[in-house]
$ cat query01.cif   # mmCIF, C-alpha atoms
data_model
loop_
_atom_site.group_PDB
_atom_site.id
_atom_site.type_symbol
_atom_site.label_atom_id
_atom_site.label_comp_id
_atom_site.auth_asym_id
_atom_site.auth_seq_id
_atom_site.Cartn_x
_atom_site.Cartn_y
_atom_site.Cartn_z
ATOM 1 C CA MET A 54 23.860 -88.644 91.799
ATOM 2 C CA THR A 55 21.855 -87.383 94.677
ATOM 3 C CA ALA A 56 18.401 -85.990 94.561
ATOM 4 C CA ASP A 57 19.675 -82.503 95.383
ATOM 5 C CA ASN A 58 22.170 -82.479 92.555
ATOM 6 C CA SER A 59 19.511 -83.565 90.088
ATOM 7 C CA LYS A 60 17.181 -80.846 91.257
ATOM 8 C CA GLN A 61 19.890 -78.235 90.904
ATOM 9 C CA ARG A 62 20.734 -79.476 87.468
ATOM 10 C CA ILE A 63 17.105 -79.271 86.361
ATOM 11 C CA ILE A 64 16.869 -75.763 87.751
ATOM 12 C CA ALA A 65 20.036 -74.720 85.886
ATOM 13 C CA ILE A 66 18.776 -76.193 82.634
ATOM 14 C CA SER A 67 15.398 -74.543 83.081
ATOM 15 C CA SER A 68 17.099 -71.212 83.727
ATOM 16 C CA VAL A 69 19.114 -71.530 80.560
ATOM 17 C CA VAL A 70 16.006 -72.425 78.609
ATOM 18 C CA VAL A 71 14.112 -69.469 80.072
ATOM 19 C CA VAL A 72 16.964 -67.092 79.289
ATOM 20 C CA ALA A 73 17.130 -68.501 75.782
ATOM 21 C CA LEU A 74 13.401 -68.051 75.338
ATOM 22 C CA LEU A 75 13.661 -64.532 76.635
ATOM 23 C CA ILE A 76 16.435 -63.758 74.195
ATOM 24 C CA VAL A 77 14.502 -65.302 71.312
ATOM 25 C CA SER A 78 11.389 -63.383 72.332
ATOM 26 C CA ALA A 79 13.398 -60.174 72.514
ATOM 27 C CA ILE A 80 14.836 -60.816 69.051
ATOM 28 C CA LEU A 81 11.419 -61.616 67.621
ATOM 29 C CA LEU A 82 9.935 -58.558 69.246
ATOM 30 C CA PHE A 83 12.679 -56.322 67.847
ATOM 31 C CA ASN A 84 12.272 -57.791 64.363
ATOM 32 C CA LYS A 85 8.517 -57.285 64.584
ATOM 33 C CA PHE A 86 9.097 -53.678 65.604
ATOM 34 C CA LYS A 87 11.407 -53.124 62.652
ATOM 35 C CA LEU A 88 8.935 -54.792 60.297
ATOM 36 C CA ASP A 89 6.041 -52.743 61.638
ATOM 37 C CA LYS A 90 8.094 -49.591 61.250
ATOM 38 C CA LYS A 91 9.009 -50.538 57.688
ATOM 39 C CA LEU A 92 5.390 -51.324 56.833
ATOM 40 C CA THR A 93 4.295 -48.064 58.351
ATOM 41 C CA GLN A 94 6.918 -46.211 56.318
ATOM 42 C CA GLN A 95 5.800 -47.988 53.158
ATOM 43 C CA GLU A 96 2.187 -47.104 53.884
ATOM 44 C CA ILE A 97 3.195 -43.466 54.375
ATOM 45 C CA GLU A 98 5.147 -43.496 51.100
ATOM 46 C CA LEU A 99 2.268 -45.139 49.241
ATOM 47 C CA GLN A 100 -0.154 -42.619 50.661
ATOM 48 C CA GLU A 101 2.213 -39.766 49.764
ATOM 49 C CA LYS A 102 2.599 -41.176 46.246
ATOM 50 C CA GLU A 103 -1.158 -41.377 45.853
ATOM 51 C CA GLU A 104 -1.606 -37.862 47.178
ATOM 52 C CA LEU A 105 1.081 -36.544 44.809
ATOM 53 C CA ARG A 106 -0.423 -38.454 41.888
ATOM 54 C CA GLN A 107 -3.891 -37.138 42.699
ATOM 55 C CA GLN A 108 -2.565 -33.608 43.148
ATOM 56 C CA LEU A 109 -0.761 -33.875 39.824
ATOM 57 C CA GLU A 110 -3.860 -35.271 38.103
ATOM 58 C CA ASP A 111 -6.118 -32.564 39.539
ATOM 59 C CA GLN A 112 -3.789 -29.716 38.604
ATOM 60 C CA TYR A 113 -3.243 -31.098 35.116
ATOM 61 C CA ASN A 114 -6.940 -31.706 34.403
ATOM 62 C CA GLU A 115 -7.892 -28.305 35.786
ATOM 63 C CA ALA A 116 -5.239 -26.609 33.660
ATOM 64 C CA ILE A 117 -6.233 -28.504 30.519
ATOM 65 C CA THR A 118 -9.915 -27.683 31.115
ATOM 66 C CA GLU A 119 -9.214 -24.009 31.769
ATOM 67 C CA LEU A 120 -6.980 -23.706 28.704
ATOM 68 C CA GLU A 121 -9.571 -25.509 26.592
ATOM 69 C CA SER A 122 -12.249 -23.069 27.763
ATOM 70 C CA MET A 123 -10.121 -20.218 26.455
ATOM 71 C CA ARG A 124 -10.286 -21.398 22.864
ATOM 72 C CA GLY A 125 -11.940 -19.087 20.387
ATOM 73 C CA GLU A 126 -12.002 -18.123 16.746
ATOM 74 C CA ASN A 127 -8.469 -16.728 16.757
ATOM 75 C CA GLU A 128 -6.067 -19.212 15.143
ATOM 76 C CA GLU A 129 -3.004 -17.764 16.877
ATOM 77 C CA LEU A 130 -4.656 -18.139 20.296
ATOM 78 C CA ASN A 131 -5.769 -21.724 19.583
ATOM 79 C CA ALA A 132 -2.298 -22.657 18.370
ATOM 80 C CA LEU A 133 -0.754 -21.282 21.590
ATOM 81 C CA ILE A 134 -3.228 -23.280 23.728
ATOM 82 C CA GLU A 135 -2.459 -26.495 21.832
ATOM 83 C CA GLN A 136 1.271 -25.917 22.284
ATOM 84 C CA GLN A 137 0.843 -25.273 26.018
ATOM 85 C CA GLN A 138 -1.351 -28.384 26.474
ATOM 86 C CA ALA A 139 1.269 -30.516 24.733
ATOM 87 C CA GLU A 140 4.037 -29.129 26.953
ATOM 88 C CA LEU A 141 1.947 -29.729 30.103
ATOM 89 C CA SER A 142 1.292 -33.314 28.970
ATOM 90 C CA ASP A 143 5.046 -33.935 28.600
ATOM 91 C CA GLN A 144 5.782 -32.469 32.023
ATOM 92 C CA LYS A 145 2.999 -34.564 33.624
ATOM 93 C CA ALA A 146 4.461 -37.735 32.100
ATOM 94 C CA GLN A 147 7.890 -36.944 33.556
ATOM 95 C CA ILE A 148 6.446 -36.290 37.039
ATOM 96 C CA ASP A 149 4.349 -39.471 36.821
ATOM 97 C CA LYS A 150 7.562 -41.395 36.191
ATOM 98 C CA LEU A 151 9.223 -39.840 39.239
ATOM 99 C CA ILE A 152 6.228 -40.742 41.418
ATOM 100 C CA ARG A 153 6.098 -44.332 40.152
ATOM 101 C CA ASN A 154 9.786 -44.842 40.872
ATOM 102 C CA GLY A 155 9.279 -43.392 44.336
ATOM 103 C CA ARG A 156 12.981 -42.821 44.798
ATOM 104 C CA ASP A 157 12.844 -39.054 45.006
ATOM 105 C CA LEU A 158 9.391 -37.841 45.957
ATOM 106 C CA ARG A 159 10.864 -34.524 47.017
ATOM 107 C CA LYS A 160 11.953 -33.949 43.410
ATOM 108 C CA ALA A 161 8.495 -34.979 42.215
ATOM 109 C CA ARG A 162 6.942 -32.542 44.655
ATOM 110 C CA ALA A 163 9.246 -29.773 43.376
ATOM 111 C CA GLN A 164 8.314 -30.628 39.806
ATOM 112 C CA ILE A 165 4.590 -30.428 40.674
ATOM 113 C CA LYS A 166 5.191 -27.014 42.191
ATOM 114 C CA LYS A 167 7.081 -26.003 39.063
ATOM 115 C CA LEU A 168 4.241 -27.376 36.947
ATOM 116 C CA ASN A 169 1.739 -25.294 38.906
ATOM 117 C CA ALA A 170 3.828 -22.168 38.291
ATOM 118 C CA GLN A 171 4.055 -23.108 34.605
ATOM 119 C CA ILE A 172 0.279 -23.497 34.445
ATOM 120 C CA GLU A 173 -0.212 -20.045 35.953
ATOM 121 C CA GLN A 174 2.250 -18.597 33.434
ATOM 122 C CA TYR A 175 0.487 -20.312 30.526
ATOM 123 C CA ILE A 176 -2.919 -19.062 31.647
ATOM 124 C CA ALA A 177 -1.505 -15.557 32.063
ATOM 125 C CA GLU A 178 -0.057 -15.712 28.537
ATOM 126 C CA VAL A 179 -3.384 -16.846 27.125
ATOM 127 C CA GLU A 180 -5.236 -14.149 29.072
ATOM 128 C CA THR A 181 -2.822 -11.525 27.743
ATOM 129 C CA LEU A 182 -3.237 -12.739 24.186
ATOM 130 C CA ARG A 183 -7.016 -12.884 24.629
ATOM 131 C CA ALA A 184 -7.006 -9.338 25.953
ATOM 132 C CA GLU A 185 -4.875 -8.196 23.012
ATOM 133 C CA ASN A 186 -7.166 -10.006 20.570
ATOM 134 C CA GLU A 187 -10.227 -8.502 22.233
ATOM 135 C CA GLN A 188 -8.679 -5.057 21.967
ATOM 136 C CA LEU A 189 -7.819 -5.695 18.336
ATOM 137 C CA LYS A 190 -11.364 -6.943 17.762
ATOM 138 C CA GLN A 191 -12.789 -3.805 19.358
ATOM 139 C CA GLU A 192 -10.431 -1.643 17.331
ATOM 140 C CA LYS A 193 -11.422 -3.571 14.202
ATOM 141 C CA GLU A 194 -15.110 -3.105 15.029
ATOM 142 C CA MET A 195 -14.502 0.591 15.650
ATOM 143 C CA LEU A 196 -12.554 0.809 12.409
ATOM 144 C CA SER A 197 -15.302 -1.067 10.579
ATOM 145 C CA SER A 198 -17.832 1.298 12.124
ATOM 146 C CA ASP A 199 -15.722 4.287 11.095
ATOM 147 C CA LEU A 200 -15.327 2.840 7.618
ATOM 148 C CA GLU A 201 -19.064 2.243 7.373
ATOM 149 C CA MET A 202 -19.742 5.801 8.489
ATOM 150 C CA GLN A 203 -17.137 7.026 6.012
ATOM 151 C CA ARG A 204 -18.707 4.857 3.303
ATOM 152 C CA GLN A 205 -22.135 6.280 4.082
ATOM 153 C CA THR A 206 -20.670 9.785 4.158
ATOM 154 C CA ASN A 207 -18.914 9.166 0.835
ATOM 155 C CA GLU A 208 -22.095 7.710 -0.605
ATOM 156 C CA GLN A 209 -24.032 10.750 0.560
ATOM 157 C CA LEU A 210 -21.327 13.031 -0.823
ATOM 158 C CA ASN A 211 -21.382 11.117 -4.113
ATOM 159 C CA GLN A 212 -25.156 11.464 -4.253
ATOM 160 C CA GLU A 213 -24.893 15.150 -3.484
ATOM 161 C CA ARG A 214 -22.050 15.470 -6.002
ATOM 162 C CA ALA A 215 -24.105 13.599 -8.594
ATOM 163 C CA GLN A 216 -27.039 15.889 -7.857
ATOM 164 C CA LEU A 217 -24.791 18.921 -8.145
ATOM 165 C CA VAL A 218 -23.332 17.564 -11.394
ATOM 166 C CA SER A 219 -26.856 16.918 -12.649
ATOM 167 C CA GLU A 220 -27.922 20.412 -11.642
ATOM 168 C CA LYS A 221 -24.732 21.778 -13.159
ATOM 169 C CA ASP A 222 -25.396 19.871 -16.370
ATOM 170 C CA GLN A 223 -28.968 21.130 -16.391
ATOM 171 C CA LEU A 224 -27.758 24.672 -15.810
ATOM 172 C CA ALA A 225 -25.068 24.196 -18.453
ATOM 173 C CA SER A 226 -27.690 22.805 -20.825
ATOM 174 C CA LYS A 227 -29.980 25.729 -20.078
ATOM 175 C CA ALA A 228 -27.068 28.125 -20.408
ATOM 176 C CA ASP A 229 -26.064 26.473 -23.666
ATOM 177 C CA LYS A 230 -29.612 26.688 -24.953
ATOM 178 C CA LEU A 231 -29.840 30.264 -23.764
ATOM 179 C CA SER A 232 -26.477 31.014 -25.348
ATOM 180 C CA LYS A 233 -27.602 29.408 -28.582
ATOM 181 C CA THR A 234 -30.849 31.333 -28.368
ATOM 182 C CA VAL A 235 -28.963 34.565 -27.810
ATOM 183 C CA THR A 236 -26.482 33.683 -30.532
ATOM 184 C CA TYR A 237 -29.276 32.770 -32.910
ATOM 185 C CA ALA A 238 -31.050 35.993 -32.039
ATOM 186 C CA SER A 239 -27.849 37.922 -32.794
ATOM 187 C CA VAL A 240 -27.527 36.469 -36.314
ATOM 188 C CA ILE A 241 -27.210 39.272 -38.829
ATOM 189 C CA ARG A 242 -29.544 38.423 -41.685
ATOM 190 C CA PRO A 243 -28.485 39.335 -45.247
ATOM 191 C CA ASN A 244 -31.023 40.879 -47.591
ATOM 192 C CA ASN A 245 -31.169 41.308 -51.370
ATOM 193 C CA ILE A 246 -28.747 38.488 -52.165
ATOM 194 C CA THR A 247 -27.613 38.780 -55.770
ATOM 195 C CA VAL A 248 -24.984 36.911 -57.772
ATOM 196 C CA THR A 249 -23.606 38.367 -60.985
ATOM 197 C CA GLY A 250 -21.342 36.648 -63.512
ATOM 198 C CA TYR A 251 -18.483 38.611 -65.106
ATOM 199 C CA LEU A 252 -16.037 38.088 -67.909
ATOM 200 C CA ILE A 253 -12.658 39.610 -67.175
ATOM 201 C CA LYS A 254 -11.278 41.286 -70.244
ATOM 202 C CA SER A 255 -7.613 41.505 -71.137
ATOM 203 C CA SER A 256 -7.710 45.095 -69.959
ATOM 204 C CA GLY A 257 -8.792 43.921 -66.552
ATOM 205 C CA LYS A 258 -12.229 45.412 -66.859
ATOM 206 C CA ARG A 259 -15.313 43.345 -66.136
ATOM 207 C CA ALA A 260 -18.260 42.628 -68.365
ATOM 208 C CA LYS A 261 -21.534 41.113 -67.151
ATOM 209 C CA LYS A 262 -22.279 37.714 -68.651
ATOM 210 C CA LYS A 263 -25.148 35.250 -68.209
ATOM 211 C CA ALA A 264 -23.711 32.352 -70.209
ATOM 212 C CA ALA A 265 -21.743 29.948 -68.031
ATOM 213 C CA LYS A 266 -19.001 29.510 -70.613
ATOM 214 C CA ASN A 267 -18.303 33.256 -70.601
ATOM 215 C CA VAL A 268 -18.181 33.714 -66.837
ATOM 216 C CA ASP A 269 -14.778 33.996 -65.130
ATOM 217 C CA VAL A 270 -15.854 35.293 -61.715
ATOM 218 C CA LEU A 271 -18.995 35.401 -59.626
ATOM 219 C CA GLU A 272 -19.725 38.470 -57.561
ATOM 220 C CA ILE A 273 -21.971 37.756 -54.551
ATOM 221 C CA CYS A 274 -23.543 40.868 -53.039
ATOM 222 C CA PHE A 275 -25.998 41.355 -50.188
ATOM 223 C CA GLN A 276 -27.020 43.909 -47.630
ATOM 224 C CA THR A 277 -26.709 43.544 -43.859
ATOM 225 C CA THR A 278 -29.758 44.162 -41.695
ATOM 226 C CA VAL A 279 -30.096 46.022 -38.410
ATOM 227 C CA ASN A 280 -30.020 43.645 -35.407
ATOM 228 C CA GLU A 281 -29.960 45.379 -32.023
ATOM 229 C CA VAL A 282 -29.120 42.095 -30.292
ATOM 230 C CA ALA A 283 -25.878 41.763 -32.256
ATOM 231 C CA LYS A 284 -23.021 43.689 -30.717
ATOM 232 C CA PRO A 285 -20.949 45.954 -32.946
ATOM 233 C CA GLY A 286 -17.650 44.414 -33.972
ATOM 234 C CA ARG A 287 -15.947 42.024 -36.327
ATOM 235 C CA GLU A 288 -18.339 39.617 -38.047
ATOM 236 C CA VAL A 289 -17.880 36.807 -40.573
ATOM 237 C CA TYR A 290 -20.204 35.444 -43.226
ATOM 238 C CA HIS A 291 -19.594 31.953 -44.626
ATOM 239 C CA ILE A 292 -20.906 31.781 -48.178
ATOM 240 C CA ARG A 293 -21.825 28.481 -49.807
ATOM 241 C CA ILE A 294 -22.442 28.210 -53.553
ATOM 242 C CA ILE A 295 -24.106 24.972 -54.706
ATOM 243 C CA ASP A 296 -23.872 24.117 -58.413
ATOM 244 C CA PRO A 297 -26.711 22.644 -60.489
ATOM 245 C CA LEU A 298 -25.441 19.110 -59.673
ATOM 246 C CA GLY A 299 -25.769 19.767 -55.932
ATOM 247 C CA GLN A 300 -22.012 20.044 -55.339
ATOM 248 C CA THR A 301 -20.515 22.820 -53.219
ATOM 249 C CA LEU A 302 -18.049 24.967 -55.134
ATOM 250 C CA ALA A 303 -14.874 24.858 -53.057
ATOM 251 C CA VAL A 304 -11.148 25.369 -53.505
ATOM 252 C CA ASP A 305 -9.159 25.259 -50.273
ATOM 253 C CA GLU A 306 -6.415 27.465 -51.680
ATOM 254 C CA LEU A 307 -9.019 30.166 -52.326
ATOM 255 C CA GLY A 308 -10.352 30.158 -48.751
ATOM 256 C CA SER A 309 -12.891 27.350 -48.837
ATOM 257 C CA GLY A 310 -13.373 25.216 -45.746
ATOM 258 C CA VAL A 311 -15.794 23.451 -43.412
ATOM 259 C CA LEU A 312 -18.080 25.014 -40.795
ATOM 260 C CA THR A 313 -20.246 23.427 -38.089
ATOM 261 C CA ASN A 314 -23.931 24.137 -38.236
ATOM 262 C CA SER A 315 -24.727 25.627 -34.817
ATOM 263 C CA GLY A 316 -28.300 24.389 -35.069
ATOM 264 C CA ASN A 317 -27.688 20.661 -35.578
ATOM 265 C CA GLY A 318 -23.913 20.150 -35.412
ATOM 266 C CA GLU A 319 -23.705 19.115 -39.072
ATOM 267 C CA LYS A 320 -20.439 19.737 -40.911
ATOM 268 C CA ILE A 321 -20.987 21.961 -43.962
ATOM 269 C CA ARG A 322 -18.571 22.685 -46.772
ATOM 270 C CA TYR A 323 -18.474 26.385 -47.675
ATOM 271 C CA THR A 324 -17.123 28.251 -50.670
ATOM 272 C CA THR A 325 -15.700 31.478 -49.304
ATOM 273 C CA THR A 326 -15.993 33.989 -46.461
ATOM 274 C CA LYS A 327 -16.600 37.687 -46.016
ATOM 275 C CA GLU A 328 -15.347 39.530 -42.932
ATOM 276 C CA PHE A 329 -16.560 43.000 -42.032
ATOM 277 C CA ASP A 330 -17.041 45.431 -39.160
ATOM 278 C CA TYR A 331 -20.653 45.490 -38.094
ATOM 279 C CA SER A 332 -22.118 48.747 -36.786
ATOM 280 C CA GLN A 333 -25.782 47.728 -36.391
ATOM 281 C CA ASP A 334 -26.678 49.336 -39.707
ATOM 282 C CA GLU A 335 -27.449 48.356 -43.300
ATOM 283 C CA THR A 336 -24.239 47.875 -45.257
ATOM 284 C CA GLN A 337 -23.749 46.595 -48.795
ATOM 285 C CA LEU A 338 -21.178 43.796 -48.968
ATOM 286 C CA CYS A 339 -19.729 41.991 -51.978
ATOM 287 C CA VAL A 340 -17.279 39.126 -52.407
ATOM 288 C CA ASP A 341 -15.794 37.558 -55.556
ATOM 289 C CA TRP A 342 -15.455 33.863 -56.343
ATOM 290 C CA GLN A 343 -12.994 33.144 -59.139
ATOM 291 C CA PRO A 344 -12.106 29.417 -59.173
ATOM 292 C CA GLN A 345 -10.364 29.599 -62.618
ATOM 293 C CA THR A 346 -12.442 26.620 -63.741
ATOM 294 C CA PRO A 347 -15.446 26.610 -66.099
ATOM 295 C CA PHE A 348 -18.891 27.049 -64.619
ATOM 296 C CA GLN A 349 -21.797 24.770 -65.514
ATOM 297 C CA SER A 350 -25.076 25.953 -66.941
ATOM 298 C CA GLY A 351 -28.113 25.787 -64.695
ATOM 299 C CA THR A 352 -29.535 27.120 -61.464
ATOM 300 C CA TYR A 353 -27.218 27.685 -58.496
ATOM 301 C CA GLU A 354 -28.131 28.045 -54.852
ATOM 302 C CA VAL A 355 -26.489 30.423 -52.406
ATOM 303 C CA GLU A 356 -26.454 29.903 -48.636
ATOM 304 C CA ILE A 357 -25.034 32.540 -46.298
ATOM 305 C CA TYR A 358 -24.158 31.598 -42.676
ATOM 306 C CA ASN A 359 -23.467 33.870 -39.734
ATOM 307 C CA LYS A 360 -22.333 32.531 -36.338
ATOM 308 C CA GLY A 361 -22.864 29.031 -37.709
ATOM 309 C CA TYR A 362 -26.547 29.580 -38.478
ATOM 310 C CA LEU A 363 -28.117 29.771 -41.905
ATOM 311 C CA ALA A 364 -28.875 33.469 -42.188
ATOM 312 C CA GLY A 365 -30.104 33.804 -45.774
ATOM 313 C CA THR A 366 -30.489 32.007 -49.115
ATOM 314 C CA GLY A 367 -30.765 32.919 -52.757
ATOM 315 C CA THR A 368 -30.525 31.515 -56.281
ATOM 316 C CA PHE A 369 -29.104 32.548 -59.641
ATOM 317 C CA THR A 370 -28.935 30.989 -63.081
ATOM 318 C CA LEU A 371 -26.195 30.724 -65.681
ATOM 319 C CA LYS A 372 -27.301 29.875 -69.218
#
$ encode --input "query01.cif" --output "structure tokens"
Amino acid sequence: MTADNSKQRIIAISSVVVVALLIVSAILLFNKFKLDKKLTQQEIELQEKEELRQQLEDQYNEAITELESMRGENEELNALIEQQQAELSDQKAQIDKLIRNGRDLRKARAQIKKLNAQIEQYIAEVETLRAENEQLKQEKEMLSSDLEMQRQTNEQLNQERAQLVSEKDQLASKADKLSKTVTYASVIRPNNITVTGYLIKSSGKRAKKKAAKNVDVLEICFQTTVNEVAKPGREVYHIRIIDPLGQTLAVDELGSGVLTNSGNGEKIRYTTTKEFDYSQDETQLCVDWQPQTPFQSGTYEVEIYNKGYLAGTGTFTLK
């Protein structure tokens, strides 16, 4: 082989080697470009993931803090806040999962946007409920104030009513005392009270007797007195005869009964009554007592009542 052929051969081989190196360099350069592009894309995705995660964390923490600040004494409001916080926590966990997987960041971004809208809705709901509770609180305070004013008014009215009742009772007491005074002043006093015992003969005629065993009927007589305070009209005397043993002679079938002493309210058994028309003059009145039972010997007392007051007394004796 000649020197020229060898030189040409070396040149040809060198050219092939150079071309090969150029091709290899081109391939390496292209691969490096693809790798750099992939790394850059990964860096962008990582940065986007971090930004989304931070955005999610900030929105969630801000929402939780704001909701927590809205707590109060109202149990319904606190229960709503706890429910909303739990729902936000679940949604955050789902979005965190999407971000970690990194397969669909667009979906994660949409979910964050949805979460933000949900947070605004939750806060609006809490604000509405707070406003309603505040209104109810104000209405309750106003009602309590009205009730307190009504209570004070009622208390004042009760005090005034009690005072009026007291004054009414005092007036009634004074009127009652005055009425009793007037009534007492209008009592018609009997004078010259006498009691006579009679034996009733078979002929029907009467004969005066002083021995108790011979007496069939007692005749009680007295005279009315003039009392200008007493108005003319129908009057009643209640006559009480007390035997020597201190017992009131009484037979219900003959008109006996019980009267109330107007002075002290005591119940008093009486023997008989005498009704008459009073004309503000002196009138002689008599009434018989015939019990159809034997009388006892001794001294008897006679009490005569008018308008419930003891108007006169007397005594008589049967031997």
$ resolve_selection --input "query01.cif" --expression "the PyMOL selection byres ((chain A and resi 243-250) around 7)" --output "list of chain:residue names"
A:Ile241, A:Arg242, A:Tyr251, A:Lys261, A:Lys262, A:Lys263, A:Val268, A:Val270, A:Leu271, A:Glu272, A:Ile273, A:Cys274, A:Phe275, A:Gln276, A:Thr277, A:Thr278, A:Ala364, A:Gly365, A:Gly367, A:Phe369
$ closest_residue --input "query01.cif" --among "A:Ile63, A:Ala116, A:Leu168, A:Ala283" --to "Val235 in chain A" --atoms "only C-alpha atoms"
A:Ala283
$ atom_distance --input "query01.cif" --atom1 "CA of Gly351 in chain A" --atom2 "CA of Gly257 in chain A"
26.6 Å
$ closest_residue --input "query01.cif" --among "A:Lys167, A:Lys193, A:His291, A:Lys360" --to "Tyr237 in chain A" --atoms "all atoms listed in the file"
A:Lys360
$ residues_around --input "query01.cif" --residues "Ala303 in chain A" --least-positions-apart "4" --cutoff "9 Å" --atoms "all atoms listed in the file" --output "NGL selection string"
:A and (293-294 or 307-310 or 322-325 or 344)
$ decode --input "query01.cif" --residues "range 343-357 of chain A" --atoms "N, CA and C atoms" --output "short mmCIF file (atom, residue, chain, number, x, y, z; two decimals), in the first residue's frame"
data_model
loop_
_atom_site.label_atom_id
_atom_site.label_comp_id
_atom_site.auth_asym_id
_atom_site.auth_seq_id
_atom_site.Cartn_x
_atom_site.Cartn_y
_atom_site.Cartn_z
N GLN A 343 -146.25 29.11 128.23
CA GLN A 343 -146.98 27.97 128.79
C GLN A 343 -146.32 26.68 128.27
N PRO A 344 -145.29 26.19 128.96
CA PRO A 344 -144.54 25.03 128.48
C PRO A 344 -145.22 23.69 128.72
N GLN A 345 -146.34 23.69 129.53
CA GLN A 345 -147.06 22.45 129.87
C GLN A 345 -146.16 21.48 130.63
N THR A 346 -145.23 22.04 131.38
CA THR A 346 -144.37 21.26 132.29
C THR A 346 -144.34 21.99 133.62
N PRO A 347 -144.14 21.28 134.73
CA PRO A 347 -144.13 21.93 136.04
C PRO A 347 -143.00 22.93 136.17
N PHE A 348 -143.26 24.00 136.89
CA PHE A 348 -142.24 24.99 137.20
C PHE A 348 -141.59 24.65 138.52
N GLN A 349 -140.34 25.07 138.69
CA GLN A 349 -139.62 24.85 139.94
C GLN A 349 -139.78 26.06 140.85
N SER A 350 -139.68 25.80 142.12
CA SER A 350 -139.73 26.90 143.10
C SER A 350 -138.40 27.61 143.11
N GLY A 351 -138.43 28.92 143.36
CA GLY A 351 -137.20 29.69 143.46
C GLY A 351 -137.30 30.98 142.68
N THR A 352 -136.15 31.64 142.57
CA THR A 352 -136.09 32.94 141.90
C THR A 352 -135.67 32.77 140.44
N TYR A 353 -136.44 33.39 139.55
CA TYR A 353 -136.17 33.33 138.12
C TYR A 353 -135.62 34.69 137.66
N GLU A 354 -134.83 34.63 136.61
CA GLU A 354 -134.34 35.85 135.98
C GLU A 354 -135.00 36.01 134.61
N VAL A 355 -135.19 37.27 134.23
CA VAL A 355 -135.76 37.56 132.91
C VAL A 355 -134.80 38.51 132.18
N GLU A 356 -134.45 38.15 130.97
CA GLU A 356 -133.62 39.01 130.12
C GLU A 356 -134.41 39.29 128.84
N ILE A 357 -134.46 40.58 128.47
CA ILE A 357 -135.19 40.96 127.26
C ILE A 357 -134.19 41.62 126.30
#
